[in-house]
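Asks: Below you'll find protein-v4.txt; it's compact mmCIF, C-alpha atoms.
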```txt
# COMPACT_ATOMS: atom_id res chain seq x y z
CA MET A 17 -19.83 -6.77 24.98
CA SER A 18 -22.07 -6.30 28.01
CA ASP A 19 -21.99 -3.03 29.95
CA GLU A 20 -22.38 -4.91 33.21
CA GLY A 21 -18.80 -6.13 33.22
CA GLU A 22 -16.39 -8.41 31.47
CA LEU A 23 -17.69 -11.44 29.67
CA ASP A 24 -16.48 -14.67 31.25
CA LEU A 25 -15.21 -16.63 28.24
CA ASN A 26 -15.15 -19.82 30.34
CA SER A 27 -18.92 -19.62 30.68
CA LEU A 28 -19.42 -20.01 26.91
CA ASN A 29 -19.85 -23.37 25.23
CA ASP A 30 -17.47 -24.28 22.39
CA GLU A 31 -19.66 -22.95 19.63
CA GLU A 32 -20.29 -19.67 21.45
CA LEU A 33 -16.61 -19.32 22.29
CA VAL A 34 -15.53 -19.77 18.67
CA GLN A 35 -18.12 -17.17 17.67
CA GLN A 36 -16.70 -14.90 20.37
CA VAL A 37 -13.16 -15.35 18.97
CA HIS A 38 -14.46 -14.24 15.57
CA ASP A 39 -16.01 -11.15 17.18
CA ASP A 40 -12.89 -10.40 19.24
CA LEU A 41 -10.65 -10.76 16.19
CA TYR A 42 -12.97 -8.42 14.32
CA ASP A 43 -12.65 -5.90 17.16
CA GLY A 44 -8.89 -6.41 17.47
CA LEU A 45 -9.06 -7.57 21.09
CA LYS A 46 -5.74 -9.35 21.40
CA GLU A 47 -5.91 -10.40 25.07
CA GLU A 48 -9.41 -11.86 24.62
CA VAL A 49 -8.27 -13.87 21.60
CA GLU A 50 -5.28 -15.21 23.53
CA ALA A 51 -7.51 -16.18 26.46
CA ALA A 52 -9.98 -17.98 24.20
CA VAL A 53 -7.19 -19.93 22.47
CA HIS A 54 -5.97 -21.14 25.87
CA ILE A 55 -9.50 -22.13 26.88
CA LEU A 56 -10.14 -24.10 23.68
CA LEU A 57 -6.81 -25.90 24.04
CA GLY A 58 -7.68 -26.61 27.67
CA ARG A 59 -10.92 -28.20 26.52
CA GLY A 60 -8.94 -30.65 24.44
CA TRP A 61 -9.24 -28.99 21.02
CA ALA A 62 -6.41 -29.89 18.64
CA PRO A 63 -4.22 -26.87 17.90
CA TYR A 64 -5.00 -27.20 14.18
CA ARG A 65 -8.73 -27.04 14.89
CA VAL A 66 -8.32 -23.92 17.04
CA LEU A 67 -6.28 -22.37 14.25
CA THR A 68 -8.66 -23.11 11.41
CA GLU A 69 -12.08 -22.81 13.05
CA ALA A 70 -11.39 -19.92 15.40
CA LEU A 71 -8.51 -17.81 14.04
CA VAL A 72 -8.43 -18.38 10.29
CA GLU A 73 -12.20 -18.26 9.94
CA GLY A 74 -12.27 -15.07 12.03
CA MET A 75 -9.66 -13.44 9.81
CA ARG A 76 -11.53 -14.61 6.72
CA ILE A 77 -14.56 -12.61 7.89
CA VAL A 78 -12.31 -9.59 8.53
CA GLY A 79 -10.90 -9.98 5.00
CA VAL A 80 -14.34 -10.09 3.42
CA ASP A 81 -15.45 -6.93 5.21
CA PHE A 82 -12.20 -5.19 4.24
CA ARG A 83 -12.81 -6.11 0.61
CA ASP A 84 -16.36 -4.78 0.86
CA GLY A 85 -15.20 -1.48 2.33
CA ILE A 86 -16.78 -2.08 5.75
CA LEU A 87 -13.45 -2.35 7.56
CA PHE A 88 -10.37 -0.24 6.86
CA VAL A 89 -6.64 -0.79 7.16
CA PRO A 90 -6.28 0.14 10.87
CA GLU A 91 -9.00 -2.34 11.89
CA VAL A 92 -7.47 -5.08 9.74
CA LEU A 93 -4.09 -4.45 11.34
CA LEU A 94 -5.55 -4.71 14.83
CA ALA A 95 -7.26 -7.96 13.86
CA ALA A 96 -3.99 -9.25 12.38
CA ASN A 97 -2.17 -8.37 15.60
CA SER A 98 -4.71 -10.40 17.55
CA MET A 99 -4.40 -13.35 15.20
CA LYS A 100 -0.62 -13.13 15.44
CA ALA A 101 -0.89 -13.39 19.23
CA GLY A 102 -3.07 -16.49 18.89
CA MET A 103 -0.66 -17.99 16.35
CA PHE A 104 2.21 -17.40 18.76
CA ILE A 105 0.53 -19.72 21.26
CA LEU A 106 -0.38 -22.33 18.64
CA ARG A 107 2.79 -22.45 16.52
CA PRO A 108 4.91 -24.71 18.78
CA LEU A 109 1.90 -26.96 19.41
CA LEU A 110 1.22 -27.27 15.68
CA ILE A 111 4.79 -28.36 15.09
CA ALA A 112 4.65 -30.82 18.00
CA THR A 113 1.36 -32.34 16.87
CA GLY A 114 2.38 -32.59 13.21
CA ALA A 115 -0.50 -30.59 11.78
CA PRO A 116 -1.18 -31.21 8.07
CA ARG A 117 1.10 -29.34 5.66
CA GLN A 118 -0.23 -27.90 2.43
CA GLY A 119 3.09 -26.87 0.95
CA LYS A 120 5.96 -24.44 1.29
CA MET A 121 6.17 -20.79 0.30
CA VAL A 122 9.02 -18.29 0.07
CA ILE A 123 7.68 -14.74 0.26
CA GLY A 124 9.24 -11.28 0.21
CA THR A 125 8.81 -7.63 -0.78
CA VAL A 126 10.81 -6.72 -3.88
CA LYS A 127 13.94 -4.59 -4.11
CA GLY A 128 13.44 -0.89 -3.51
CA ASP A 129 10.27 -1.44 -1.50
CA ILE A 130 9.96 -1.58 2.27
CA HIS A 131 6.20 -2.02 2.55
CA ASP A 132 5.27 -5.25 4.25
CA ILE A 133 1.80 -4.93 5.76
CA GLY A 134 0.11 -6.92 2.98
CA LYS A 135 2.98 -9.36 2.70
CA ASN A 136 2.87 -10.06 6.44
CA LEU A 137 -0.89 -10.65 6.28
CA VAL A 138 -0.46 -13.08 3.42
CA GLY A 139 2.33 -14.89 5.28
CA MET A 140 0.20 -15.22 8.38
CA MET A 141 -2.89 -16.45 6.53
CA MET A 142 -0.80 -18.90 4.50
CA GLU A 143 0.70 -20.24 7.70
CA GLY A 144 -2.79 -20.49 9.15
CA ALA A 145 -3.87 -22.46 6.10
CA GLY A 146 -1.12 -25.01 6.71
CA PHE A 147 1.70 -23.69 4.53
CA GLU A 148 5.26 -23.47 5.76
CA VAL A 149 6.24 -19.85 5.14
CA ILE A 150 9.78 -18.55 4.73
CA ASP A 151 9.60 -14.78 4.94
CA LEU A 152 12.50 -12.92 3.32
CA GLY A 153 11.31 -9.55 4.63
CA ILE A 154 11.66 -6.36 2.62
CA ASN A 155 13.82 -4.85 -0.16
CA ASN A 156 14.84 -8.18 -1.72
CA PRO A 157 17.15 -8.29 -4.75
CA VAL A 158 16.79 -11.17 -7.21
CA GLU A 159 19.84 -12.92 -5.72
CA LYS A 160 18.10 -13.23 -2.37
CA TYR A 161 14.99 -14.79 -3.90
CA LEU A 162 17.12 -17.27 -5.86
CA ALA A 163 19.22 -18.20 -2.83
CA ALA A 164 16.06 -18.81 -0.78
CA ILE A 165 14.55 -20.94 -3.55
CA GLU A 166 17.76 -22.95 -3.72
CA GLU A 167 17.91 -23.41 0.03
CA HIS A 168 14.27 -24.07 0.88
CA LYS A 169 12.94 -25.70 -2.31
CA PRO A 170 9.47 -24.15 -1.93
CA ASP A 171 6.38 -24.94 -3.98
CA ILE A 172 5.44 -21.27 -4.23
CA LEU A 173 7.29 -17.99 -4.63
CA GLY A 174 5.34 -14.94 -3.46
CA MET A 175 6.38 -11.39 -4.31
CA SER A 176 4.85 -8.19 -3.01
CA ALA A 177 5.19 -4.48 -3.94
CA LEU A 178 3.28 -1.38 -2.95
CA LEU A 179 4.96 1.10 -5.24
CA THR A 180 4.38 1.64 -8.93
CA THR A 181 8.11 2.23 -9.19
CA THR A 182 9.07 -1.11 -7.62
CA MET A 183 6.48 -3.51 -9.03
CA PRO A 184 8.33 -3.94 -12.36
CA TYR A 185 11.11 -5.63 -10.38
CA MET A 186 8.92 -8.73 -10.21
CA LYS A 187 9.64 -9.19 -13.91
CA VAL A 188 13.37 -9.04 -13.22
CA VAL A 189 13.03 -11.94 -10.77
CA ILE A 190 10.80 -14.00 -13.06
CA ASP A 191 12.97 -13.35 -16.12
CA THR A 192 16.04 -14.46 -14.16
CA MET A 193 14.21 -17.65 -13.17
CA LYS A 194 13.42 -18.21 -16.85
CA GLU A 195 17.04 -17.66 -17.86
CA LYS A 196 18.08 -20.26 -15.34
CA GLY A 197 15.47 -22.68 -16.64
CA MET A 198 13.73 -22.91 -13.28
CA ARG A 199 10.62 -20.76 -13.76
CA ASP A 200 8.26 -23.66 -14.41
CA ASP A 201 9.39 -25.51 -11.29
CA TYR A 202 7.59 -23.02 -9.07
CA ILE A 203 4.19 -21.42 -8.65
CA VAL A 204 4.73 -17.64 -8.70
CA LEU A 205 2.09 -15.50 -6.99
CA VAL A 206 2.25 -11.70 -6.89
CA GLY A 207 0.33 -9.07 -4.96
CA GLY A 208 0.27 -5.47 -3.78
CA ALA A 209 -2.05 -2.48 -4.02
CA PRO A 210 -1.08 -1.13 -7.46
CA LEU A 211 -1.00 -4.56 -9.16
CA ASN A 212 -3.73 -6.24 -11.17
CA GLU A 213 -4.28 -9.44 -13.14
CA GLU A 214 -3.07 -7.88 -16.36
CA PHE A 215 0.21 -6.89 -14.75
CA ALA A 216 0.70 -10.37 -13.26
CA LYS A 217 0.22 -11.90 -16.70
CA ALA A 218 2.58 -9.38 -18.32
CA VAL A 219 5.44 -10.12 -15.91
CA GLY A 220 4.96 -13.86 -16.25
CA ALA A 221 3.52 -14.70 -12.82
CA ASP A 222 1.00 -17.52 -12.41
CA ALA A 223 -1.54 -15.38 -10.60
CA TYR A 224 -2.30 -12.03 -9.01
CA CYS A 225 -3.74 -12.21 -5.50
CA ARG A 226 -5.75 -9.15 -4.52
CA ASP A 227 -5.72 -9.95 -0.81
CA ALA A 228 -4.57 -12.50 1.76
CA ALA A 229 -7.70 -14.66 1.52
CA VAL A 230 -7.39 -14.83 -2.28
CA ALA A 231 -3.70 -15.70 -1.90
CA VAL A 232 -4.61 -18.69 0.29
CA GLU A 233 -7.32 -19.92 -2.08
CA THR A 234 -5.08 -19.45 -5.12
CA ALA A 235 -2.18 -21.24 -3.45
CA LYS A 236 -4.42 -24.16 -2.44
CA SER A 237 -5.85 -24.47 -5.92
CA TYR A 238 -2.39 -24.45 -7.57
CA MET A 239 -1.15 -27.02 -5.05
CA ALA A 240 -4.11 -29.28 -5.82
CA ARG A 241 -3.35 -28.94 -9.55
CA LYS A 242 0.31 -29.75 -8.88
CA HIS A 243 -0.63 -32.89 -6.93
CA ASN A 244 -3.03 -33.99 -9.66
CA GLN A 245 -0.36 -33.51 -12.32
CA MET A 246 2.13 -35.51 -10.25
CA ALA A 247 -0.44 -38.27 -9.71
CA ALA A 248 -1.21 -38.34 -13.43
CA GLY A 249 2.46 -38.26 -14.40
CA MET B 30 14.34 34.83 -12.43
CA THR B 31 13.42 38.48 -13.00
CA LEU B 32 11.92 40.14 -9.97
CA VAL B 33 9.05 42.47 -10.76
CA ASN B 34 7.92 44.97 -8.19
CA LEU B 35 4.15 44.74 -8.46
CA LYS B 36 1.81 47.29 -6.99
CA PRO B 37 -1.43 45.84 -5.51
CA SER B 38 -3.39 47.02 -8.54
CA ASP B 39 -1.10 44.98 -10.79
CA GLU B 40 -1.62 41.77 -8.84
CA PHE B 41 -3.11 38.93 -10.82
CA GLU B 42 -5.80 36.88 -9.18
CA PHE B 43 -6.67 33.49 -10.63
CA LYS B 44 -10.37 33.09 -11.33
CA PRO B 45 -11.56 29.54 -12.07
CA GLY B 46 -13.87 28.88 -15.02
CA LYS B 47 -12.11 31.17 -17.50
CA GLY B 48 -9.13 29.50 -19.20
CA GLU B 49 -9.14 27.34 -22.31
CA VAL B 50 -6.74 24.70 -20.97
CA LEU B 51 -8.26 22.63 -18.17
CA LEU B 52 -5.89 21.44 -15.48
CA LEU B 53 -7.25 18.37 -13.68
CA ALA B 54 -5.20 17.99 -10.54
CA CYS B 55 -4.84 16.33 -7.18
CA GLY B 56 -6.12 18.64 -4.45
CA ALA B 57 -2.73 18.37 -2.76
CA LEU B 58 -1.33 20.51 -5.60
CA ALA B 59 -4.06 23.15 -5.70
CA ARG B 60 -2.28 25.82 -3.67
CA GLU B 61 0.96 25.37 -5.62
CA ILE B 62 -0.81 25.51 -9.00
CA VAL B 63 -2.75 28.66 -8.13
CA ASP B 64 0.43 30.25 -6.80
CA LEU B 65 2.25 29.48 -10.05
CA ILE B 66 -0.63 30.76 -12.19
CA GLU B 67 -0.77 34.02 -10.26
CA ARG B 68 2.96 34.49 -10.02
CA ASN B 69 3.43 33.91 -13.77
CA ARG B 70 0.19 35.68 -14.70
CA TRP B 71 -0.84 32.71 -16.83
CA GLN B 72 -4.31 33.29 -18.27
CA ALA B 73 -4.71 30.09 -20.27
CA PHE B 74 -5.68 27.81 -17.41
CA ASP B 75 -8.83 26.67 -15.69
CA LEU B 76 -8.41 24.35 -12.71
CA GLN B 77 -10.44 21.50 -11.19
CA CYS B 78 -9.16 19.36 -8.34
CA LEU B 79 -10.05 15.96 -6.92
CA PRO B 80 -9.81 15.26 -3.17
CA ALA B 81 -6.26 15.10 -1.85
CA LYS B 82 -7.28 12.49 0.73
CA TRP B 83 -7.48 9.95 -2.12
CA HIS B 84 -3.71 9.77 -1.60
CA ASN B 85 -4.63 6.94 0.81
CA THR B 86 -7.18 5.29 -1.53
CA PRO B 87 -5.77 5.61 -5.06
CA ASP B 88 -8.34 3.22 -6.54
CA ARG B 89 -10.80 6.13 -6.48
CA ILE B 90 -8.67 8.41 -8.66
CA VAL B 91 -9.05 6.86 -12.12
CA PRO B 92 -12.88 6.49 -12.23
CA ALA B 93 -13.29 10.07 -10.98
CA LEU B 94 -10.80 11.45 -13.49
CA ARG B 95 -12.53 9.55 -16.31
CA GLU B 96 -15.79 11.23 -15.37
CA LYS B 97 -14.18 14.68 -15.18
CA ILE B 98 -12.42 14.25 -18.53
CA ARG B 99 -15.58 13.12 -20.35
CA GLU B 100 -17.55 15.95 -18.82
CA ALA B 101 -14.94 18.54 -19.87
CA LYS B 102 -13.99 17.32 -23.35
CA GLY B 103 -15.23 19.66 -26.05
CA ARG B 104 -15.53 22.52 -23.59
CA TYR B 105 -11.77 23.15 -23.50
CA LYS B 106 -9.04 23.49 -26.10
CA SER B 107 -7.05 20.89 -24.18
CA ILE B 108 -6.86 19.07 -20.85
CA PHE B 109 -3.69 18.45 -18.86
CA VAL B 110 -3.62 16.10 -15.86
CA LEU B 111 -1.52 16.93 -12.83
CA TYR B 112 -1.20 13.61 -11.10
CA GLY B 113 1.69 11.18 -10.82
CA ASP B 114 0.85 7.53 -11.24
CA CYS B 115 0.05 7.89 -7.53
CA GLY B 116 -0.42 4.20 -6.81
CA THR B 117 -2.86 3.55 -9.64
CA GLY B 118 -0.51 0.88 -11.02
CA GLY B 119 -0.53 2.22 -14.57
CA MET B 120 -4.34 2.49 -14.72
CA LEU B 121 -4.16 6.28 -14.88
CA ASP B 122 -1.81 6.19 -17.87
CA GLN B 123 -4.04 3.62 -19.55
CA LEU B 124 -7.01 5.97 -19.14
CA LEU B 125 -5.05 8.93 -20.50
CA VAL B 126 -3.93 6.96 -23.56
CA GLU B 127 -7.57 5.98 -24.22
CA GLU B 128 -8.67 9.61 -23.88
CA GLY B 129 -5.67 11.08 -25.73
CA ILE B 130 -4.66 13.29 -22.84
CA GLU B 131 -1.23 14.05 -21.33
CA ARG B 132 -0.12 14.27 -17.73
CA ILE B 133 2.90 15.64 -15.94
CA ALA B 134 5.74 13.10 -16.04
CA GLY B 135 6.67 11.12 -12.93
CA PRO B 136 5.45 8.42 -10.58
CA HIS B 137 4.34 10.90 -7.88
CA CYS B 138 4.59 14.53 -6.82
CA TYR B 139 7.75 13.84 -4.79
CA ALA B 140 9.49 13.02 -8.07
CA PHE B 141 8.28 15.96 -10.15
CA PHE B 142 8.86 18.45 -7.35
CA SER B 143 12.41 17.11 -6.93
CA GLY B 144 12.91 16.77 -10.70
CA ASN B 145 12.42 13.24 -12.02
CA ALA B 146 16.09 12.66 -12.86
CA GLU B 147 17.25 14.03 -9.51
CA PHE B 148 14.68 11.91 -7.65
CA ALA B 149 15.77 8.77 -9.49
CA ARG B 150 19.40 9.51 -8.59
CA HIS B 151 18.52 9.43 -4.87
CA ALA B 152 16.23 6.40 -5.17
CA ASP B 153 18.59 3.75 -3.80
CA ASP B 154 19.60 5.85 -0.78
CA ASP B 155 16.02 6.89 -0.10
CA VAL B 156 14.40 3.46 0.11
CA THR B 157 13.68 3.94 3.80
CA SER B 158 12.60 7.59 3.50
CA PHE B 159 9.03 8.78 4.02
CA TYR B 160 8.36 11.96 2.03
CA LEU B 161 6.43 15.03 3.02
CA THR B 162 5.61 17.94 0.72
CA ASP B 163 4.32 21.34 1.89
CA TYR B 164 0.79 19.98 1.65
CA LEU B 165 1.55 16.80 3.60
CA ALA B 166 3.54 18.69 6.24
CA LYS B 167 0.62 21.09 6.71
CA HIS B 168 -2.00 18.33 6.86
CA PHE B 169 0.09 15.62 8.50
CA ASP B 170 -2.31 15.19 11.43
CA LYS B 171 -5.43 14.79 9.32
CA LEU B 172 -4.01 12.80 6.41
CA ILE B 173 -1.38 10.63 8.05
CA TRP B 174 -1.89 10.49 11.81
CA VAL B 175 -5.70 10.36 11.85
CA GLY B 176 -5.97 8.96 8.30
CA LEU B 177 -4.04 5.85 9.26
CA GLY B 178 -5.85 5.53 12.59
CA LEU B 179 -2.78 6.31 14.69
CA ASP B 180 -4.73 8.75 16.85
CA ARG B 181 -6.92 5.88 18.01
CA HIS B 182 -4.33 3.10 17.84
CA PRO B 183 -0.78 4.39 18.31
CA GLU B 184 0.27 0.77 18.84
CA LEU B 185 0.02 0.38 15.04
CA LEU B 186 2.94 2.78 14.54
CA PRO B 187 5.60 0.04 14.17
CA MET B 188 3.44 -1.80 11.62
CA TYR B 189 3.12 1.31 9.45
CA PHE B 190 6.48 2.98 9.94
CA GLY B 191 8.77 0.30 11.40
CA ASN B 192 10.77 -0.01 8.19
CA TYR B 193 11.29 3.72 7.67
CA ARG B 194 14.38 5.53 8.94
CA LYS B 195 13.70 9.21 8.23
CA ILE B 196 11.26 11.79 7.00
CA VAL B 197 12.50 13.74 4.02
CA TYR B 198 10.65 17.04 3.81
CA LEU B 199 10.63 18.16 0.17
CA ALA B 200 9.81 21.84 0.64
CA GLN B 201 8.13 23.82 -2.14
CA THR B 202 8.34 27.09 -0.24
CA ARG B 203 10.71 28.43 2.39
CA ASP B 204 8.28 28.37 5.30
CA GLU B 205 9.68 27.98 8.79
CA GLU B 206 6.34 27.02 10.30
CA LEU B 207 5.93 24.14 7.86
CA ALA B 208 9.50 23.00 8.48
CA LYS B 209 8.72 22.92 12.21
CA LYS B 210 5.60 20.88 11.50
CA ALA B 211 7.56 18.42 9.37
CA MET B 212 10.18 18.10 12.07
CA ALA B 213 7.48 17.50 14.69
CA ALA B 214 5.95 14.84 12.44
CA ALA B 215 9.30 13.05 12.25
CA LYS B 216 9.62 13.17 16.02
CA ARG B 217 6.10 11.83 16.46
CA LEU B 218 6.83 8.91 14.15
CA GLY B 219 10.17 8.27 15.85
CA LEU B 220 12.07 8.92 12.60
CA GLY B 221 15.08 11.00 11.60
CA TYR B 222 14.58 14.21 9.65
CA GLU B 223 16.03 15.76 6.51
CA TYR B 224 15.05 19.01 4.80
CA ARG B 225 15.39 19.39 1.03
CA PHE B 226 14.23 22.54 -0.72
CA THR B 227 12.82 21.63 -4.14
CA GLY B 228 10.72 24.63 -5.12
CA TYR B 229 7.98 23.75 -7.61
CA GLY B 230 10.37 21.76 -9.79
CA GLU B 231 8.90 20.29 -12.95
CA LEU B 232 5.39 21.38 -11.98
CA GLU B 233 6.42 24.90 -12.96
CA THR B 234 8.30 23.99 -16.15
CA ASP B 235 5.57 21.62 -17.39
CA LEU B 236 2.82 24.17 -16.75
CA GLY B 237 4.92 26.92 -18.33
CA ARG B 238 5.07 24.93 -21.58
CA ARG B 239 1.27 24.80 -21.72
CA ALA B 240 0.46 28.31 -20.56
```
Is it possible to express this structure as structure tokens?
Replies:
Amino acid sequence: MSDEGELDLNSLNDEELVQQVHDDLYDGLKEEVEAAVHILLGRGWAPYRVLTEALVEGMRIVGVDFRDGILFVPEVLLAANSMKAGMFILRPLLIATGAPRQGKMVIGTVKGDIHDIGKNLVGMMMEGAGFEVIDLGINNPVEKYLAAIEEHKPDILGMSALLTTTMPYMKVVIDTMKEKGMRDDYIVLVGGAPLNEEFAKAVGADAYCRDAAVAVETAKSYMARKHNQMAAG
Amino acid sequence: MTLVNLKPSDEFEFKPGKGEVLLLACGALAREIVDLIERNRWQAFDLQCLPAKWHNTPDRIVPALREKIREAKGRYKSIFVLYGDCGTGGMLDQLLVEEGIERIAGPHCYAFFSGNAEFARHADDDVTSFYLTDYLAKHFDKLIWVGLGLDRHPELLPMYFGNYRKIVYLAQTRDEELAKKAMAAAKRLGLGYEYRFTGYGELETDLGRRA
């Protein structure tokens, strides 16, 4: 940003403004992101376009730099806060304008675990990618996951854990789904710092997602497979 | 425990590089381990530590330990690792199986200081507890407050600690200054506070078996 004073976002053309949103998200400048979202909407941009081209793409860049060790958790959280503020403006407009829906996801942190930073990021990025997200919050016993599946009929179940001591609970949930004969009706994605692909396979999940961007890509790819299977069937 | 009245000339000072059993430990346990070695006059041990700040980046622990183990094998009668799983998601145990090396039992130091069975008994009630040990109480500012960026962005506090209800200070030593620090940390985070004296717990018994 210039030392001479504040940058007038209105003076930027669309392309420059979107670029500026990416930069402001990167720097965690919430008010600037909110202002730019209002300006883009005022210029007649569809809410879905603002979401995908400005916010989601900006967060994707943040995610890549986090993965590469250029950004750290505090910076990612500030960026997420800024994106959340932009989403707050767009959410009612997205509903009103009937933005495309990719699918539905129930997500929650497992029993015994109250860590939700990663889970919240995944929820937000999934919402940004066009998924309807039902967030069960933290410390969820198997009964709560099953009740939510019953009620919301999602395509995807997402489970998160940060602790080595709580991650085995994912197997309890998946085994219960198997016992009830419903495991194969859902895509099960798992994530959290101590997890890995091997663990996901061992507990019977469909995939391990190492970060929010991977979660979105994995969810999209499984949804495409599901649609293809339905079309073929 | 038998109390022995030692004169200064009888004091035992740990000197690294001498023992035949190598302890590979988290730096957050260094002071406690040296204290135990000196207090028990154990002569079998040598000690090497990895940075305690990796508490926040556990993915660095396993590769560094692998390197240390391979470097030390053959030079010592045995190696004993003083780490919990510490967020490595089982990768540490996988490494130790591959290398044929044991570690202290438990998912983290909170558990082996408390005693693993005792810690497990409290687990359901402690879901919303954030633990401090002597080391973490002493270095709270550097490791937690600055380490998580709260010095620069205090607005992130609810995102990090919004789901916690209290700090549980698991004290290894009876140190009033550290207790005050732990209490101040709880206040700073807007959390309740509980003090539990654990002593060195299973760190002492496990080391004693290998001394």
Asks: Within 6 Å of chain A, which residues of chain B show up? Give each one with its shortest atom-to-atom distance in Å (one decimal) and the two atoms involved, counting only C-alpha atoms, rows by chain then rising residue number, as JSON lines.
Replies:
```
{"residue": "B:Gly116", "atom": "CA", "partner": "A:Pro210", "partner_atom": "CA", "distance": 5.4}
{"residue": "B:Thr117", "atom": "CA", "partner": "A:Pro210", "partner_atom": "CA", "distance": 5.5}
{"residue": "B:Gly118", "atom": "CA", "partner": "A:Pro210", "partner_atom": "CA", "distance": 4.1}
{"residue": "B:Val156", "atom": "CA", "partner": "A:Gly128", "partner_atom": "CA", "distance": 5.7}
{"residue": "B:Gly178", "atom": "CA", "partner": "A:Pro90", "partner_atom": "CA", "distance": 5.7}
```
Asks: Residues within 12 Å of A:Gly124, please, as JSON, numbers by chain. Count all atoms listed in the file; anything in the same chain fewer than 6 positions from it doesn't count.
Replies: {"A": [130, 131, 132, 133, 134, 135, 136, 137, 138, 139, 149, 150, 151, 152, 153, 154, 155, 156, 157, 158, 160, 161, 162, 164, 165, 172, 173, 174, 175, 176, 177, 178, 186, 189, 204, 205, 206, 207, 208]}
Asks: Would you compute the distance between atom CA of A:Arg199 and atom CA of A:Lys187? Give it in Å to one decimal.
Replies: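 The value is 11.6 Å.
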Asks: Expressed in Å to a single decimal, how great is the separation between atom CA of A:Asp81 and atom CA of A:Asp227?
Replies: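 The value is 11.8 Å.
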Asks: So which residues touch A:Lys120 within 10 Å, counting only C-alpha atoms, skipping near sequence neighbours fewer than 3 positions away, as a PyMOL selection string?
Replies: chain A and resi 117+123+142-143+146-150+168-173+235+239
Asks: Please save C-alpha atoms of the selected residues as a PDB file, keeping the file's coordinate frame.
Replies:
```
ATOM      1  CA  ARG A 117       1.100 -29.340   5.660  1.00  0.00           C
ATOM      2  CA  ILE A 123       7.680 -14.740   0.260  1.00  0.00           C
ATOM      3  CA  MET A 142      -0.800 -18.900   4.500  1.00  0.00           C
ATOM      4  CA  GLU A 143       0.700 -20.240   7.700  1.00  0.00           C
ATOM      5  CA  GLY A 146      -1.120 -25.010   6.710  1.00  0.00           C
ATOM      6  CA  PHE A 147       1.700 -23.690   4.530  1.00  0.00           C
ATOM      7  CA  GLU A 148       5.260 -23.470   5.760  1.00  0.00           C
ATOM      8  CA  VAL A 149       6.240 -19.850   5.140  1.00  0.00           C
ATOM      9  CA  ILE A 150       9.780 -18.550   4.730  1.00  0.00           C
ATOM     10  CA  HIS A 168      14.270 -24.070   0.880  1.00  0.00           C
ATOM     11  CA  LYS A 169      12.940 -25.700  -2.310  1.00  0.00           C
ATOM     12  CA  PRO A 170       9.470 -24.150  -1.930  1.00  0.00           C
ATOM     13  CA  ASP A 171       6.380 -24.940  -3.980  1.00  0.00           C
ATOM     14  CA  ILE A 172       5.440 -21.270  -4.230  1.00  0.00           C
ATOM     15  CA  LEU A 173       7.290 -17.990  -4.630  1.00  0.00           C
ATOM     16  CA  ALA A 235      -2.180 -21.240  -3.450  1.00  0.00           C
ATOM     17  CA  MET A 239      -1.150 -27.020  -5.050  1.00  0.00           C
TER      18      MET A 239
END
```
Asks: A:Glu73: which residues within 12 Å, counting all atoms listed in the file, same-chain residues fewer than 5 positions away excluded, as a list in words?
Replies: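 Surrounding residues, per the criterion: Val34, Gln35, Gln36, Val37, His38, Asp39, Leu41, Tyr42, Arg65, Val66, Leu67, Thr68, Val78, Gly79, Val80, Met99, Met141, Gly144, Ala145 and Ala229 of chain A.
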Asks: Just the number, please: distance in Å from atom CA of B:Asp114 to atom CA of B:Pro136, one decimal.
Replies: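 We find that atom CA of B:Asp114 and atom CA of B:Pro136 lie 4.7 Å from each other.
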Asks: Could you pull out every residue with an atom within 12 Å of (-7.4, 3.4, 21.4), file coordinates, counting all atoms listed in the file, and send them as a list in words?
Replies: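 The distance filter leaves exactly Asp43, Gly44, Leu45, Pro90, Glu91 and Leu94 of chain A; Val175, Gly178, Leu179, Asp180, Arg181, His182, Pro183, Glu184 and Leu185 of chain B.
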